[in-house]
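Since the structure comes first, as structure tokens, the remarks are kept for the end.
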Amino acid sequence: MDEKLVYAELESVTEMMRKDKKVLIISDNALFMVTTKTNSKWYNEKFYTVCQEAIKEYEIEVKSGKVFRKS
């Protein structure tokens with residue numbers, strides 16, 4: 001994975017987030033937005049690095065700039 005992934009915990013999801021192919025929304029006892037570090041500059045959220053364990057557990061993948069789940 002070339003691009004560094006970051007995440008933010010969300011209160012709600014905007015239409016911009018829903019339409020952004022570089023954003024993955026995960027709901028797991030909380031609402032999270034996963035995106036690339038480069039793409040995160042478009043959002044006013046506090047972002048943290050996604051750990052390798054979370055990438056494996058949620059099967060997160062980046063291809064051609066798009067962030068998605070394998071399953």
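Note on naming: chains are A, B, ... as they come in the structure tokens, residues start from 1 per chain, ligands start from 1 in the order shown.
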
Residues within 9 Å of segment 39-54 of chain A, only C-alpha atoms, excluding chain neighbours under 3 positions, as a ChimeraX atom specification: /A:4-10,17,22-23,34-36,57-60

Residue set, chain A restricted to strand (DSSP E or B), as an MDAnalysis selection string: chainID A and resid 5:10 23:27 31:36 48:49 60:63 66:69

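Pairwise distance (atom CA of Thr14 of chain A, atom CA of Met33 of chain A) equals 10.7 Å.
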
Residue nearest Lys56 of chain A among A:Asn29, A:Thr38, A:Ser71, A:Glu11 (counting only C-alpha atoms):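 Nearest candidate to Lys56 of chain A out of A:Asn29, A:Thr38, A:Ser71, A:Glu11: A:Ser71.
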
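Taking atom CA of Met16 of chain A as the reference point, atom CA of Ser64 of chain A is found at 19.4 Å.
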
Gap from atom CA of Val67 of chain A to atom CA of Lys37 of chain A - Å, one decimal: 11.5 Å

Distance criterion (only C-alpha atoms): nearest to Ala30 of chain A out of A:Lys70, A:Val13, A:Val62, A:Ile55: A:Val13
